[in-house]
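Data first, discussion second: the structure below is written as structure tokens.
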Amino acid sequence: MEMSDAQGCMLPCGRDVETVWARLDATDTGSADAHEDTCTYCSTTRKGLVVLRHVAGGLASEEAAPVSLGLVARIMSAVRAETRRHHMLTLPGPEPGGLRISEQAVAAVLRSAADSVDGVRARRCRIAATETVGEVEVEMSLAVAYRRFSADAVHEVRERVAAAAAARVGVTPARLDLTVEDLYDA
Amino acid sequence: MDDATLVVRARGGDSRAFEVLVRRYQGPMYRLALHMLAGRGDAEDVVQEVFLTAWRRLPQLRDDTAFLGWLYRATTNRCLNLIRARRPVAEADLDSRESADAAGAPERAAQVSEQLTALGEALKRLTPEQRACWLLREVHGRSYMEIAGATGTTQTAVRGRIARARAQLAEAMAPWR
């Protein structure tokens, strides 16, 4: 494999292109060896490499290939459509077709319920609908103040999150997984 | 704001944080795709799909600092897959490249533009894998290890591909001074 790689770049004079490339700066500054001084294969390759090195940077430049102005908008509208499609919960209620609420809005309510417990900060909060309308599964990670943390605090979080889900959103957590993933000093 | 913070926020569903990442990296991803595929429409489609996939996969991205590497890998893969799926390649519109118009040096700018066009033509004659390796290394400055990961091969193979690409491109550029 490596042999064929090297042979693919061998010049008729017996030097390979990688050697010419590696010595580009040396030959530029006048420390070319005897072969390099006289060999036309090496010198032609050198010229090509110098131009290549000079032009390659242009491929990365904004001016040579500007991104179309609408691209960000197109990407973000696809992203937001995705958010709507995949992250809506149906709430129980008398309305035909049910009432829908974004999972993010629910997560914000549940995080603030957890935050209300002394020495607790909610971090990630993931909510998934279950088969039953009005039931959700919640995963929440917490950071806790290590000076004030007690096991009771996690029970307190559990109660307040469940209460907020029922009273402020109208859903019941069928499962509520709490993970303490970090400590903070306060 | 740093990538890692934006990634964590975006993972939590914050689309504004994600938009900052899109604005930051759409340019390099677009230019990589453009030079891989030689078609503006295809390149934009690839970039759009890469970012949409990134948004979906954020929950699985374990290392929050690895977002840019992930983007390069995804863009490279998608381009290579697209090329493999449509072989033989229909000649596309690399000529639609707009000329650089550097103020004060029109002559030089015109020459650089012509050289860029010549380089674009030479790039088309490389294999897609050589082209990917060379672009990632020489234009985007990625590490050999990362390129090996992005193209699903070994670092030795990456070095070989870049060497062959460089030799071929140098030959094409030799007539220019």
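Here's how to read the names in the structure tokens: chain A, B, ... by the order shown, residue numbers from 1 in each chain, ligand numbers from 1 in the order shown.
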Determine, for each residue of chain A having at least one atom at most 8 Å from an atom of chain B, the closest pair of atoms and their separation in Å to one decimal, counting only C-alpha atoms; order by chain and ascending number, as CSV.
residue,atom,partner,partner_atom,distance
A:Met1,CA,B:Ala157,CA,7.9
A:Glu2,CA,B:Gly160,CA,7.0
A:Asp5,CA,B:Gly160,CA,5.1
A:Ala6,CA,B:Gly160,CA,7.4
A:Gly8,CA,B:Arg164,CA,6.4
A:Cys9,CA,B:Arg164,CA,5.9
A:Val17,CA,B:Ala167,CA,5.9
A:Glu18,CA,B:Ala163,CA,6.3
A:Thr44,CA,B:Ala174,CA,6.3
A:Thr45,CA,B:Ala170,CA,6.3
A:Arg46,CA,B:Ala170,CA,7.9
A:Lys47,CA,B:Ala174,CA,5.5
A:Gly48,CA,B:Ala174,CA,3.6
A:Leu49,CA,B:Ala170,CA,4.8
A:Val51,CA,B:Met173,CA,6.2
A:Leu52,CA,B:Ala170,CA,6.0
A:Val55,CA,B:Leu116,CA,6.4
A:Ala56,CA,B:Val139,CA,6.1
A:Gly57,CA,B:Val139,CA,5.9
A:Gly58,CA,B:Leu116,CA,7.1
A:Leu59,CA,B:Val139,CA,6.6
A:Ala60,CA,B:Val139,CA,5.9
A:Glu62,CA,B:Gly27,CA,7.1
A:Glu63,CA,B:Ala100,CA,5.9
A:Ala64,CA,B:Ala100,CA,5.5
A:Ala65,CA,B:Arg97,CA,6.3
A:Pro66,CA,B:Gly27,CA,7.5
A:Val67,CA,B:Gly27,CA,6.1
A:Leu71,CA,B:Glu44,CA,7.3
A:Val72,CA,B:Arg23,CA,6.7
A:Arg74,CA,B:Gln48,CA,7.5
A:Ile75,CA,B:Gln48,CA,5.4
A:Met76,CA,B:Glu19,CA,6.7
A:Ala78,CA,B:Leu52,CA,7.0
A:Val79,CA,B:Leu52,CA,6.0
A:Arg80,CA,B:Ser15,CA,7.3
A:Thr83,CA,B:Gly13,CA,7.8
A:Gln104,CA,B:Gly13,CA,6.9
A:Arg124,CA,B:Gly12,CA,6.6
A:Cys125,CA,B:Gly12,CA,7.6
Exercise. Near stretch 67-82 of chain B, within 8 Å and counting only C-alpha atoms, which residues show up once chain neighbours fewer than 4 positions away are dropped, as a ChimeraX atom specification?
Worked result: /B:3-4,7,25,29,32-33,36-37,46-47,50-51,54,61,63,86,128-129,132,146-147,149-151
Same residues, N, CA and C atoms, output as a compact mmCIF listing (two decimals), in the first residue's frame:
# COMPACT_ATOMS: atom_id res chain seq x y z
N ASP B 3 -18.29 26.89 21.56
CA ASP B 3 -19.10 25.83 20.96
C ASP B 3 -19.77 24.96 22.00
N ALA B 4 -19.01 24.56 23.03
CA ALA B 4 -19.54 23.59 23.99
C ALA B 4 -20.78 24.13 24.69
N VAL B 7 -23.63 24.10 22.28
CA VAL B 7 -24.09 22.73 22.03
C VAL B 7 -24.99 22.26 23.17
N TYR B 25 -20.55 27.98 11.22
CA TYR B 25 -19.91 26.91 10.45
C TYR B 25 -20.52 26.59 9.09
N MET B 29 -18.45 24.45 5.83
CA MET B 29 -19.11 23.21 5.37
C MET B 29 -19.58 23.36 3.93
N LEU B 32 -16.51 23.16 1.64
CA LEU B 32 -16.04 21.77 1.52
C LEU B 32 -16.96 21.00 0.56
N ALA B 33 -18.26 21.12 0.76
CA ALA B 33 -19.22 20.40 -0.09
C ALA B 33 -19.14 20.88 -1.53
N MET B 36 -16.13 19.43 -3.14
CA MET B 36 -16.30 17.98 -3.29
C MET B 36 -17.22 17.67 -4.45
N LEU B 37 -18.33 18.40 -4.55
CA LEU B 37 -19.39 18.04 -5.48
C LEU B 37 -19.41 18.88 -6.74
N VAL B 46 -26.52 19.50 0.89
CA VAL B 46 -25.72 18.73 1.83
C VAL B 46 -25.59 19.49 3.15
N VAL B 47 -25.29 20.78 3.07
CA VAL B 47 -25.11 21.57 4.29
C VAL B 47 -26.40 21.58 5.11
N VAL B 50 -26.83 18.22 6.74
CA VAL B 50 -25.86 18.00 7.81
C VAL B 50 -26.30 18.73 9.08
N PHE B 51 -26.72 19.97 8.96
CA PHE B 51 -27.12 20.70 10.16
C PHE B 51 -28.42 20.16 10.75
N ALA B 54 -27.47 17.17 12.57
CA ALA B 54 -26.76 17.56 13.78
C ALA B 54 -27.77 17.92 14.88
N LEU B 61 -24.43 13.31 20.93
CA LEU B 61 -23.06 13.81 20.86
C LEU B 61 -22.50 13.89 22.27
N ASP B 63 -19.27 14.34 23.43
CA ASP B 63 -18.25 15.34 23.74
C ASP B 63 -18.69 16.69 23.15
N ARG B 86 -24.25 8.48 -7.48
CA ARG B 86 -24.64 9.03 -8.78
C ARG B 86 -23.59 8.79 -9.85
N PRO B 128 -12.81 10.89 -5.58
CA PRO B 128 -13.52 11.59 -4.50
C PRO B 128 -12.79 11.46 -3.16
N GLU B 129 -12.19 10.30 -2.92
CA GLU B 129 -11.49 10.10 -1.64
C GLU B 129 -10.23 10.96 -1.55
N ALA B 132 -11.37 14.53 -0.99
CA ALA B 132 -11.81 14.77 0.39
C ALA B 132 -10.60 14.94 1.31
N GLU B 146 -8.13 13.06 12.39
CA GLU B 146 -9.53 13.42 12.15
C GLU B 146 -9.96 13.04 10.73
N ILE B 147 -9.06 13.28 9.76
CA ILE B 147 -9.39 12.95 8.37
C ILE B 147 -9.57 11.45 8.20
N GLY B 149 -10.63 9.43 10.45
CA GLY B 149 -11.94 9.14 11.02
C GLY B 149 -13.07 9.54 10.08
N ALA B 150 -12.92 10.70 9.48
CA ALA B 150 -13.99 11.23 8.61
C ALA B 150 -14.14 10.42 7.33
N THR B 151 -13.03 9.86 6.84
CA THR B 151 -13.10 9.13 5.57
C THR B 151 -13.07 7.62 5.78
For this session: Please return as a VMD selection string: the residues of stretch 100-159 of chain A that backbone DSSP assigns to alpha helix (DSSP H).
Result: chain A and resid 103 to 115 151 to 159
Problem set entry | Which residue of A:Arg23, A:Val157, A:Val138, A:Ala151 approaches A:Ser43 most closely, using only C-alpha atoms | A:Arg23
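Put simply, atom CA of B:Ala10 is 13.1 Å away from atom CA of A:Arg126.
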